[in-house]
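Asks: If it helps, the file is called my_file-v7.txt and holds compact mmCIF, N, CA and C atoms:
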# COMPACT_ATOMS: atom_id res chain seq x y z
N MET A 1 63.16 9.07 -78.07
CA MET A 1 61.99 8.24 -77.96
C MET A 1 60.82 9.11 -77.57
N ASN A 2 59.71 8.95 -78.21
CA ASN A 2 58.52 9.74 -77.98
C ASN A 2 57.75 9.20 -76.78
N GLN A 3 57.55 10.04 -75.77
CA GLN A 3 56.79 9.64 -74.59
C GLN A 3 55.43 10.30 -74.65
N ASP A 4 54.39 9.50 -74.66
CA ASP A 4 53.03 10.00 -74.68
C ASP A 4 52.52 10.15 -73.26
N GLY A 5 51.74 11.20 -73.06
CA GLY A 5 51.16 11.44 -71.74
C GLY A 5 49.90 10.63 -71.54
N PRO A 6 49.33 10.68 -70.34
CA PRO A 6 48.12 9.92 -70.04
C PRO A 6 46.94 10.31 -70.92
N GLU A 7 46.87 11.61 -71.29
CA GLU A 7 45.75 12.02 -72.14
C GLU A 7 45.88 11.45 -73.55
N ASP A 8 47.11 11.27 -74.05
CA ASP A 8 47.31 10.66 -75.36
C ASP A 8 46.94 9.19 -75.35
N ILE A 9 47.26 8.51 -74.26
CA ILE A 9 46.91 7.09 -74.12
C ILE A 9 45.40 6.93 -74.06
N ALA A 10 44.74 7.79 -73.29
CA ALA A 10 43.28 7.73 -73.20
C ALA A 10 42.64 8.02 -74.55
N ALA A 11 43.18 8.97 -75.31
CA ALA A 11 42.63 9.30 -76.62
C ALA A 11 42.81 8.14 -77.59
N ALA A 12 43.95 7.46 -77.52
CA ALA A 12 44.19 6.31 -78.40
C ALA A 12 43.25 5.17 -78.06
N ARG A 13 42.91 5.01 -76.79
CA ARG A 13 41.98 3.96 -76.41
C ARG A 13 40.57 4.27 -76.87
N ASP A 14 40.21 5.56 -76.87
CA ASP A 14 38.85 5.95 -77.25
C ASP A 14 38.61 5.84 -78.75
N GLU A 15 39.62 6.04 -79.56
CA GLU A 15 39.46 6.00 -81.02
C GLU A 15 39.59 4.56 -81.48
N GLN A 16 38.49 3.97 -81.97
CA GLN A 16 38.48 2.57 -82.38
C GLN A 16 39.33 2.32 -83.61
N SER A 17 39.39 3.26 -84.53
CA SER A 17 40.16 3.05 -85.76
C SER A 17 41.43 3.88 -85.75
N SER A 18 41.92 4.23 -84.59
CA SER A 18 43.09 5.08 -84.46
C SER A 18 44.33 4.39 -85.01
N ARG A 19 45.12 5.14 -85.77
CA ARG A 19 46.39 4.62 -86.25
C ARG A 19 47.52 5.12 -85.36
N ALA A 20 47.14 5.85 -84.30
CA ALA A 20 48.15 6.37 -83.37
C ALA A 20 48.77 5.21 -82.61
N VAL A 21 50.06 5.30 -82.42
CA VAL A 21 50.78 4.27 -81.68
C VAL A 21 51.22 4.87 -80.36
N VAL A 22 50.83 4.23 -79.29
CA VAL A 22 51.21 4.66 -77.97
C VAL A 22 52.40 3.83 -77.53
N VAL A 23 53.53 4.48 -77.33
CA VAL A 23 54.74 3.78 -76.96
C VAL A 23 54.95 3.96 -75.46
N SER A 24 55.05 2.86 -74.76
CA SER A 24 55.31 2.91 -73.32
C SER A 24 56.28 1.80 -72.95
N ASP A 25 56.58 1.70 -71.69
CA ASP A 25 57.52 0.68 -71.22
C ASP A 25 56.86 -0.65 -70.93
N THR A 26 55.54 -0.72 -71.01
CA THR A 26 54.85 -1.92 -70.55
C THR A 26 54.23 -2.80 -71.62
N PRO A 27 54.36 -2.55 -72.94
CA PRO A 27 53.71 -3.45 -73.89
C PRO A 27 54.20 -4.88 -73.79
N VAL A 28 55.46 -5.07 -73.53
CA VAL A 28 56.01 -6.42 -73.43
C VAL A 28 55.45 -7.11 -72.18
N ARG A 29 55.37 -6.39 -71.08
CA ARG A 29 54.83 -6.96 -69.85
C ARG A 29 53.36 -7.34 -70.03
N TRP A 30 52.59 -6.48 -70.69
CA TRP A 30 51.17 -6.78 -70.93
C TRP A 30 51.02 -7.98 -71.85
N ALA A 31 51.82 -8.05 -72.90
CA ALA A 31 51.73 -9.16 -73.85
C ALA A 31 52.15 -10.48 -73.18
N LEU A 32 53.12 -10.44 -72.29
CA LEU A 32 53.50 -11.64 -71.55
C LEU A 32 52.34 -12.17 -70.72
N ARG A 33 51.49 -11.27 -70.26
CA ARG A 33 50.32 -11.66 -69.47
C ARG A 33 49.12 -12.03 -70.33
N GLY A 34 49.28 -11.94 -71.66
CA GLY A 34 48.18 -12.29 -72.56
C GLY A 34 47.20 -11.16 -72.77
N ARG A 35 47.65 -9.93 -72.60
CA ARG A 35 46.81 -8.75 -72.77
C ARG A 35 47.29 -7.93 -73.96
N CYS A 36 46.45 -7.03 -74.42
CA CYS A 36 46.76 -6.16 -75.56
C CYS A 36 48.03 -5.36 -75.26
N PRO A 37 48.99 -5.32 -76.20
CA PRO A 37 50.23 -4.57 -75.93
C PRO A 37 50.03 -3.06 -75.92
N ARG A 38 48.92 -2.55 -76.49
CA ARG A 38 48.70 -1.11 -76.49
C ARG A 38 48.02 -0.63 -75.22
N CYS A 39 46.92 -1.27 -74.82
CA CYS A 39 46.15 -0.77 -73.68
C CYS A 39 46.25 -1.66 -72.44
N GLY A 40 46.61 -2.91 -72.60
CA GLY A 40 46.71 -3.81 -71.46
C GLY A 40 45.38 -4.32 -70.95
N GLN A 41 44.29 -4.06 -71.66
CA GLN A 41 42.96 -4.43 -71.20
C GLN A 41 42.40 -5.64 -71.94
N GLY A 42 42.39 -5.62 -73.26
CA GLY A 42 41.79 -6.68 -74.06
C GLY A 42 42.64 -7.93 -74.09
N ALA A 43 42.00 -9.06 -74.37
CA ALA A 43 42.71 -10.34 -74.44
C ALA A 43 43.52 -10.42 -75.73
N LEU A 44 44.72 -10.96 -75.63
CA LEU A 44 45.59 -11.13 -76.79
C LEU A 44 45.31 -12.44 -77.51
N PHE A 45 44.90 -13.46 -76.77
CA PHE A 45 44.69 -14.78 -77.35
C PHE A 45 43.22 -15.15 -77.33
N ALA A 46 42.78 -15.82 -78.42
CA ALA A 46 41.41 -16.33 -78.51
C ALA A 46 41.36 -17.80 -78.10
N GLY A 47 42.49 -18.46 -78.05
CA GLY A 47 42.61 -19.86 -77.64
C GLY A 47 43.93 -20.01 -76.91
N PHE A 48 44.45 -21.24 -76.91
CA PHE A 48 45.72 -21.46 -76.22
C PHE A 48 46.85 -20.68 -76.88
N LEU A 49 46.95 -20.80 -78.21
CA LEU A 49 47.98 -20.05 -78.95
C LEU A 49 47.42 -19.20 -80.08
N LYS A 50 46.13 -19.29 -80.34
CA LYS A 50 45.53 -18.53 -81.43
C LYS A 50 45.37 -17.07 -81.00
N VAL A 51 45.95 -16.18 -81.81
CA VAL A 51 45.87 -14.75 -81.51
C VAL A 51 44.49 -14.25 -81.92
N ALA A 52 43.89 -13.45 -81.06
CA ALA A 52 42.57 -12.87 -81.34
C ALA A 52 42.68 -11.93 -82.54
N PRO A 53 41.56 -11.66 -83.23
CA PRO A 53 41.62 -10.77 -84.39
C PRO A 53 41.96 -9.33 -84.02
N GLY A 54 41.57 -8.90 -82.83
CA GLY A 54 41.85 -7.53 -82.42
C GLY A 54 41.50 -7.34 -80.96
N CYS A 55 41.88 -6.21 -80.42
CA CYS A 55 41.61 -5.89 -79.03
C CYS A 55 40.18 -5.41 -78.88
N THR A 56 39.47 -5.94 -77.92
CA THR A 56 38.09 -5.52 -77.69
C THR A 56 38.02 -4.20 -76.94
N ALA A 57 39.10 -3.78 -76.29
CA ALA A 57 39.09 -2.55 -75.51
C ALA A 57 39.52 -1.33 -76.34
N CYS A 58 40.64 -1.43 -77.07
CA CYS A 58 41.14 -0.27 -77.79
C CYS A 58 41.05 -0.39 -79.31
N GLY A 59 40.71 -1.57 -79.82
CA GLY A 59 40.53 -1.75 -81.25
C GLY A 59 41.81 -2.02 -82.03
N LEU A 60 42.91 -2.31 -81.38
CA LEU A 60 44.16 -2.60 -82.08
C LEU A 60 43.99 -3.87 -82.92
N ASP A 61 44.36 -3.79 -84.19
CA ASP A 61 44.26 -4.93 -85.09
C ASP A 61 45.50 -5.80 -84.93
N TYR A 62 45.30 -7.03 -84.47
CA TYR A 62 46.43 -7.94 -84.25
C TYR A 62 46.88 -8.63 -85.54
N SER A 63 46.14 -8.50 -86.62
CA SER A 63 46.50 -9.21 -87.85
C SER A 63 47.80 -8.67 -88.46
N THR A 64 48.19 -7.47 -88.09
CA THR A 64 49.44 -6.91 -88.62
C THR A 64 50.66 -7.42 -87.87
N ILE A 65 50.45 -8.06 -86.73
CA ILE A 65 51.55 -8.58 -85.92
C ILE A 65 51.70 -10.07 -86.22
N GLN A 66 52.78 -10.45 -86.85
CA GLN A 66 53.03 -11.85 -87.24
C GLN A 66 54.28 -12.34 -86.53
N THR A 67 54.14 -13.45 -85.81
CA THR A 67 55.30 -13.99 -85.11
C THR A 67 55.89 -15.20 -85.83
N GLY A 68 55.11 -15.86 -86.66
CA GLY A 68 55.60 -17.03 -87.37
C GLY A 68 55.99 -18.13 -86.40
N ASP A 69 57.11 -18.80 -86.68
CA ASP A 69 57.59 -19.89 -85.84
C ASP A 69 58.69 -19.45 -84.88
N GLY A 70 58.90 -18.16 -84.76
CA GLY A 70 59.96 -17.66 -83.88
C GLY A 70 59.82 -18.10 -82.45
N PRO A 71 58.63 -17.92 -81.83
CA PRO A 71 58.50 -18.34 -80.43
C PRO A 71 58.74 -19.84 -80.25
N ALA A 72 58.23 -20.65 -81.16
CA ALA A 72 58.40 -22.10 -81.02
C ALA A 72 59.87 -22.49 -81.08
N SER A 73 60.63 -21.89 -81.98
CA SER A 73 62.04 -22.25 -82.08
C SER A 73 62.82 -21.82 -80.85
N PHE A 74 62.51 -20.63 -80.31
CA PHE A 74 63.19 -20.20 -79.09
C PHE A 74 62.82 -21.09 -77.91
N ILE A 75 61.55 -21.45 -77.80
CA ILE A 75 61.10 -22.29 -76.69
C ILE A 75 61.74 -23.68 -76.78
N MET A 76 61.83 -24.24 -77.98
CA MET A 76 62.49 -25.55 -78.13
C MET A 76 63.95 -25.48 -77.73
N GLN A 77 64.62 -24.39 -78.05
CA GLN A 77 66.02 -24.25 -77.66
C GLN A 77 66.17 -24.11 -76.15
N ILE A 78 65.29 -23.32 -75.54
CA ILE A 78 65.36 -23.14 -74.09
C ILE A 78 65.05 -24.45 -73.37
N ALA A 79 63.95 -25.09 -73.75
CA ALA A 79 63.57 -26.36 -73.10
C ALA A 79 64.61 -27.43 -73.36
N GLY A 80 65.14 -27.50 -74.57
CA GLY A 80 66.17 -28.49 -74.90
C GLY A 80 67.44 -28.26 -74.09
N PHE A 81 67.81 -27.02 -73.91
CA PHE A 81 69.00 -26.71 -73.12
C PHE A 81 68.81 -27.15 -71.66
N ILE A 82 67.68 -26.75 -71.08
CA ILE A 82 67.42 -27.08 -69.67
C ILE A 82 67.35 -28.59 -69.46
N VAL A 83 66.54 -29.27 -70.25
CA VAL A 83 66.36 -30.70 -70.07
C VAL A 83 67.60 -31.48 -70.50
N GLY A 84 68.23 -31.07 -71.58
CA GLY A 84 69.43 -31.78 -72.05
C GLY A 84 70.56 -31.75 -71.03
N PHE A 85 70.85 -30.57 -70.51
CA PHE A 85 71.94 -30.49 -69.54
C PHE A 85 71.55 -31.09 -68.19
N SER A 86 70.28 -31.02 -67.83
CA SER A 86 69.84 -31.69 -66.60
C SER A 86 69.98 -33.20 -66.73
N ALA A 87 69.57 -33.75 -67.87
CA ALA A 87 69.71 -35.20 -68.10
C ALA A 87 71.17 -35.61 -68.12
N LEU A 88 72.00 -34.80 -68.72
CA LEU A 88 73.44 -35.10 -68.75
C LEU A 88 74.03 -35.09 -67.34
N PHE A 89 73.64 -34.11 -66.54
CA PHE A 89 74.13 -34.03 -65.16
C PHE A 89 73.70 -35.26 -64.35
N VAL A 90 72.42 -35.63 -64.48
CA VAL A 90 71.90 -36.80 -63.75
C VAL A 90 72.61 -38.07 -64.23
N GLU A 91 72.84 -38.20 -65.50
CA GLU A 91 73.53 -39.39 -66.04
C GLU A 91 74.94 -39.49 -65.49
N ILE A 92 75.66 -38.39 -65.48
CA ILE A 92 77.05 -38.42 -65.01
C ILE A 92 77.11 -38.65 -63.50
N LYS A 93 76.21 -38.03 -62.77
CA LYS A 93 76.26 -38.10 -61.31
C LYS A 93 75.71 -39.42 -60.76
N TYR A 94 74.57 -39.93 -61.32
CA TYR A 94 73.89 -41.07 -60.72
C TYR A 94 73.82 -42.33 -61.58
N HIS A 95 74.06 -42.24 -62.86
CA HIS A 95 74.01 -43.38 -63.79
C HIS A 95 72.70 -44.18 -63.70
N PRO A 96 71.55 -43.53 -63.86
CA PRO A 96 70.30 -44.28 -63.79
C PRO A 96 70.08 -45.08 -65.08
N PRO A 97 69.17 -46.07 -65.05
CA PRO A 97 68.87 -46.80 -66.29
C PRO A 97 68.14 -45.90 -67.29
N MET A 98 68.13 -46.32 -68.54
CA MET A 98 67.56 -45.51 -69.61
C MET A 98 66.07 -45.25 -69.39
N TRP A 99 65.34 -46.22 -68.85
CA TRP A 99 63.90 -46.02 -68.67
C TRP A 99 63.61 -44.89 -67.68
N VAL A 100 64.50 -44.64 -66.74
CA VAL A 100 64.31 -43.51 -65.80
C VAL A 100 64.43 -42.19 -66.56
N HIS A 101 65.39 -42.12 -67.47
CA HIS A 101 65.53 -40.91 -68.30
C HIS A 101 64.26 -40.67 -69.11
N LEU A 102 63.74 -41.74 -69.70
CA LEU A 102 62.53 -41.59 -70.52
C LEU A 102 61.33 -41.15 -69.70
N ILE A 103 61.19 -41.71 -68.51
CA ILE A 103 60.04 -41.37 -67.67
C ILE A 103 60.15 -39.95 -67.12
N VAL A 104 61.34 -39.49 -66.85
CA VAL A 104 61.52 -38.17 -66.24
C VAL A 104 61.61 -37.06 -67.28
N TRP A 105 62.47 -37.24 -68.28
CA TRP A 105 62.81 -36.11 -69.14
C TRP A 105 61.82 -35.88 -70.28
N LEU A 106 61.22 -36.90 -70.83
CA LEU A 106 60.25 -36.67 -71.91
C LEU A 106 59.03 -35.88 -71.44
N PRO A 107 58.38 -36.26 -70.33
CA PRO A 107 57.27 -35.43 -69.87
C PRO A 107 57.71 -34.02 -69.46
N LEU A 108 58.92 -33.91 -68.91
CA LEU A 108 59.40 -32.60 -68.50
C LEU A 108 59.59 -31.67 -69.70
N VAL A 109 60.16 -32.17 -70.78
CA VAL A 109 60.36 -31.32 -71.95
C VAL A 109 59.03 -30.93 -72.58
N VAL A 110 58.05 -31.82 -72.56
CA VAL A 110 56.72 -31.48 -73.09
C VAL A 110 56.06 -30.43 -72.21
N ALA A 111 56.08 -30.64 -70.90
CA ALA A 111 55.46 -29.69 -69.97
C ALA A 111 56.13 -28.32 -70.03
N LEU A 112 57.44 -28.32 -70.09
CA LEU A 112 58.18 -27.07 -70.16
C LEU A 112 57.88 -26.32 -71.46
N SER A 113 57.82 -27.04 -72.56
CA SER A 113 57.52 -26.42 -73.85
C SER A 113 56.12 -25.82 -73.85
N LEU A 114 55.15 -26.56 -73.35
CA LEU A 114 53.78 -26.04 -73.32
C LEU A 114 53.62 -24.87 -72.36
N ALA A 115 54.31 -24.93 -71.23
CA ALA A 115 54.21 -23.85 -70.26
C ALA A 115 54.84 -22.55 -70.76
N LEU A 116 55.88 -22.66 -71.57
CA LEU A 116 56.57 -21.46 -72.05
C LEU A 116 56.03 -20.94 -73.39
N MET A 117 55.21 -21.72 -74.09
CA MET A 117 54.80 -21.34 -75.43
C MET A 117 53.94 -20.07 -75.46
N ARG A 118 52.92 -19.99 -74.63
CA ARG A 118 52.04 -18.82 -74.64
C ARG A 118 52.77 -17.55 -74.19
N PRO A 119 53.52 -17.57 -73.07
CA PRO A 119 54.28 -16.36 -72.73
C PRO A 119 55.32 -16.00 -73.78
N GLY A 120 55.92 -17.01 -74.42
CA GLY A 120 56.90 -16.74 -75.47
C GLY A 120 56.28 -16.06 -76.67
N ARG A 121 55.11 -16.51 -77.06
CA ARG A 121 54.42 -15.88 -78.19
C ARG A 121 53.98 -14.47 -77.81
N GLY A 122 53.49 -14.30 -76.58
CA GLY A 122 53.14 -12.96 -76.11
C GLY A 122 54.34 -12.04 -76.09
N LEU A 123 55.48 -12.56 -75.67
CA LEU A 123 56.71 -11.77 -75.66
C LEU A 123 57.07 -11.30 -77.06
N MET A 124 57.01 -12.20 -78.03
CA MET A 124 57.34 -11.82 -79.41
C MET A 124 56.37 -10.77 -79.94
N ILE A 125 55.09 -10.91 -79.63
CA ILE A 125 54.10 -9.94 -80.08
C ILE A 125 54.35 -8.59 -79.41
N GLY A 126 54.63 -8.60 -78.11
CA GLY A 126 54.91 -7.35 -77.41
C GLY A 126 56.16 -6.65 -77.92
N LEU A 127 57.19 -7.43 -78.23
CA LEU A 127 58.41 -6.83 -78.79
C LEU A 127 58.18 -6.27 -80.18
N GLN A 128 57.41 -6.97 -81.00
CA GLN A 128 57.10 -6.46 -82.34
C GLN A 128 56.30 -5.17 -82.24
N TYR A 129 55.33 -5.13 -81.35
CA TYR A 129 54.53 -3.92 -81.20
C TYR A 129 55.38 -2.76 -80.71
N ARG A 130 56.21 -3.01 -79.69
CA ARG A 130 57.04 -1.94 -79.14
C ARG A 130 58.05 -1.41 -80.15
N ASN A 131 58.61 -2.28 -80.96
CA ASN A 131 59.64 -1.88 -81.92
C ASN A 131 59.09 -1.58 -83.32
N GLN A 132 57.80 -1.60 -83.46
CA GLN A 132 57.11 -1.33 -84.72
C GLN A 132 57.42 -2.39 -85.73
What is this file in structure tokens?
Replies:
Amino acid sequence: MNQDGPEDIAAARDEQSSRAVVVSDTPVRWALRGRCPRCGQGALFAGFLKVAPGCTACGLDYSTIQTGDGPASFIMQIAGFIVGFSALFVEIKYHPPMWVHLIVWLPLVVALSLALMRPGRGLMIGLQYRNQ
């Protein structure tokens, strides 16, 4: 694995049209935070889930990074697993009426899905960038 030094990272940030790829251990962490996977400075998202056209700090073009529906499918599986098994546990243990399930679990699955969607998309973008 090619390890770039601090001077290589600084040079890649300075060149706006640089095709150099800086590989480090933190692109995934930066993308999870909604920052550019190359420099960690520019914003990754222009809206809630809309990816910005490029990094304002280092000039990385985000249009080459495509996640498709991957993050949404993973998030639905994670949220469905958590809420499904929680609802099953509550049903077996306490036997509440159906309206309690609807009031508790439907908002929870929506909130959980929305809360995980942006970090999930950032994760996929960071992994794509790190793995080329």
Asks: If you run DSSP on this backbone, which residues of chain A come out as alpha helix (DSSP H), and could you give them as an NGL selection string?
Replies: :A and (6-14 or 27-32 or 70-94 or 98-131)
Asks: Do you have the CA of Leu60 in chain A-CA of Arg121 in chain A distance handy?
Replies: 17.2 Å
Asks: Provide the atom C of Cys36 in chain A to atom C of Thr64 in chain A distance in Å, to one decimal place.
Replies: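 These atoms are spaced 13.0 Å apart.
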Asks: Kindly indicate which residue among A:Ile75, A:Leu112, A:Cys58, A:Ile103 lies nearest to Arg38 in chain A, using all atoms listed in the file for the distances.
Replies: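 Looking only at the distances to Arg38 in chain A, the closest residue turns out to be A:Cys58.
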Asks: Quick one: pull the distance between atom N of Leu106 in chain A and CA of Arg118 in chain A, Å, one decimal.
Replies: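 Here the two named atoms are 20.6 Å from each other.
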Asks: Pick from A:Asp69, A:Leu108, A:Ser63, A:Gly84: nearest to Val51 in chain A, with only N, CA and C atoms counted?
Replies: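 Of A:Asp69, A:Leu108, A:Ser63, A:Gly84, the one nearest Val51 in chain A, counting only N, CA and C atoms, is A:Ser63.
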Asks: Got a sec: who's within 8 Å of Cys55 in chain A, counting only N, CA and C atoms, leaving out chain neighbours fewer than 3 positions off, as a ChimeraX atom specification?
Replies: /A:35-37,41-44,52,58-63
Asks: For the residues in that selection, give me N, CA and C atoms as a PDB file, in the coordinates of the input.
Replies:
ATOM      1  N   ARG A  35      47.650  -9.930 -72.600  1.00  0.00           N
ATOM      2  CA  ARG A  35      46.810  -8.750 -72.770  1.00  0.00           C
ATOM      3  C   ARG A  35      47.290  -7.930 -73.960  1.00  0.00           C
ATOM      4  N   CYS A  36      46.450  -7.030 -74.420  1.00  0.00           N
ATOM      5  CA  CYS A  36      46.760  -6.160 -75.560  1.00  0.00           C
ATOM      6  C   CYS A  36      48.030  -5.360 -75.260  1.00  0.00           C
ATOM      7  N   PRO A  37      48.990  -5.320 -76.200  1.00  0.00           N
ATOM      8  CA  PRO A  37      50.230  -4.570 -75.930  1.00  0.00           C
ATOM      9  C   PRO A  37      50.030  -3.060 -75.920  1.00  0.00           C
ATOM     10  N   GLN A  41      44.290  -4.060 -71.660  1.00  0.00           N
ATOM     11  CA  GLN A  41      42.960  -4.430 -71.200  1.00  0.00           C
ATOM     12  C   GLN A  41      42.400  -5.640 -71.940  1.00  0.00           C
ATOM     13  N   GLY A  42      42.390  -5.620 -73.260  1.00  0.00           N
ATOM     14  CA  GLY A  42      41.790  -6.680 -74.060  1.00  0.00           C
ATOM     15  C   GLY A  42      42.640  -7.930 -74.090  1.00  0.00           C
ATOM     16  N   ALA A  43      42.000  -9.060 -74.370  1.00  0.00           N
ATOM     17  CA  ALA A  43      42.710 -10.340 -74.440  1.00  0.00           C
ATOM     18  C   ALA A  43      43.520 -10.420 -75.730  1.00  0.00           C
ATOM     19  N   LEU A  44      44.720 -10.960 -75.630  1.00  0.00           N
ATOM     20  CA  LEU A  44      45.590 -11.130 -76.790  1.00  0.00           C
ATOM     21  C   LEU A  44      45.310 -12.440 -77.510  1.00  0.00           C
ATOM     22  N   ALA A  52      43.890 -13.450 -81.060  1.00  0.00           N
ATOM     23  CA  ALA A  52      42.570 -12.870 -81.340  1.00  0.00           C
ATOM     24  C   ALA A  52      42.680 -11.930 -82.540  1.00  0.00           C
ATOM     25  N   CYS A  58      40.640  -1.430 -77.070  1.00  0.00           N
ATOM     26  CA  CYS A  58      41.140  -0.270 -77.790  1.00  0.00           C
ATOM     27  C   CYS A  58      41.050  -0.390 -79.310  1.00  0.00           C
ATOM     28  N   GLY A  59      40.710  -1.570 -79.820  1.00  0.00           N
ATOM     29  CA  GLY A  59      40.530  -1.750 -81.250  1.00  0.00           C
ATOM     30  C   GLY A  59      41.810  -2.020 -82.030  1.00  0.00           C
ATOM     31  N   LEU A  60      42.910  -2.310 -81.380  1.00  0.00           N
ATOM     32  CA  LEU A  60      44.160  -2.600 -82.080  1.00  0.00           C
ATOM     33  C   LEU A  60      43.990  -3.870 -82.920  1.00  0.00           C
ATOM     34  N   ASP A  61      44.360  -3.790 -84.190  1.00  0.00           N
ATOM     35  CA  ASP A  61      44.260  -4.930 -85.090  1.00  0.00           C
ATOM     36  C   ASP A  61      45.500  -5.800 -84.930  1.00  0.00           C
ATOM     37  N   TYR A  62      45.300  -7.030 -84.470  1.00  0.00           N
ATOM     38  CA  TYR A  62      46.430  -7.940 -84.250  1.00  0.00           C
ATOM     39  C   TYR A  62      46.880  -8.630 -85.540  1.00  0.00           C
ATOM     40  N   SER A  63      46.140  -8.500 -86.620  1.00  0.00           N
ATOM     41  CA  SER A  63      46.500  -9.210 -87.850  1.00  0.00           C
ATOM     42  C   SER A  63      47.800  -8.670 -88.460  1.00  0.00           C
TER      43      SER A  63
END
Asks: Within 8 Å of Ile125 in chain A, counting all atoms listed in the file, which residues show up once you throw out same-chain ones fewer than 2 positions away? Write them as a PyMOL selection string, please.
Replies: chain A and resi 27-28+31-32+37+65-67+119-123+127-131
Asks: Considering all atoms listed in the file, state which residue in the set A:Gly54, A:Gly126, A:Trp99, A:Trp105 is at the smallest distance from Val83 in chain A.
Replies: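 Among the listed residues, A:Trp105 lies closest to Val83 in chain A.
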Asks: In chain A, what's strand (DSSP E or B) per DSSP? Answer as a PyMOL selection string?
Replies: chain A and resi 35+43+45+51+54+61
Asks: Compare A:Met98, A:Met124, A:Met117, A:Val104 by their minimum atom-to-atom distance to Phe48 in chain A, counting only N, CA and C atoms, and give me the closest one.
Replies: A:Met117
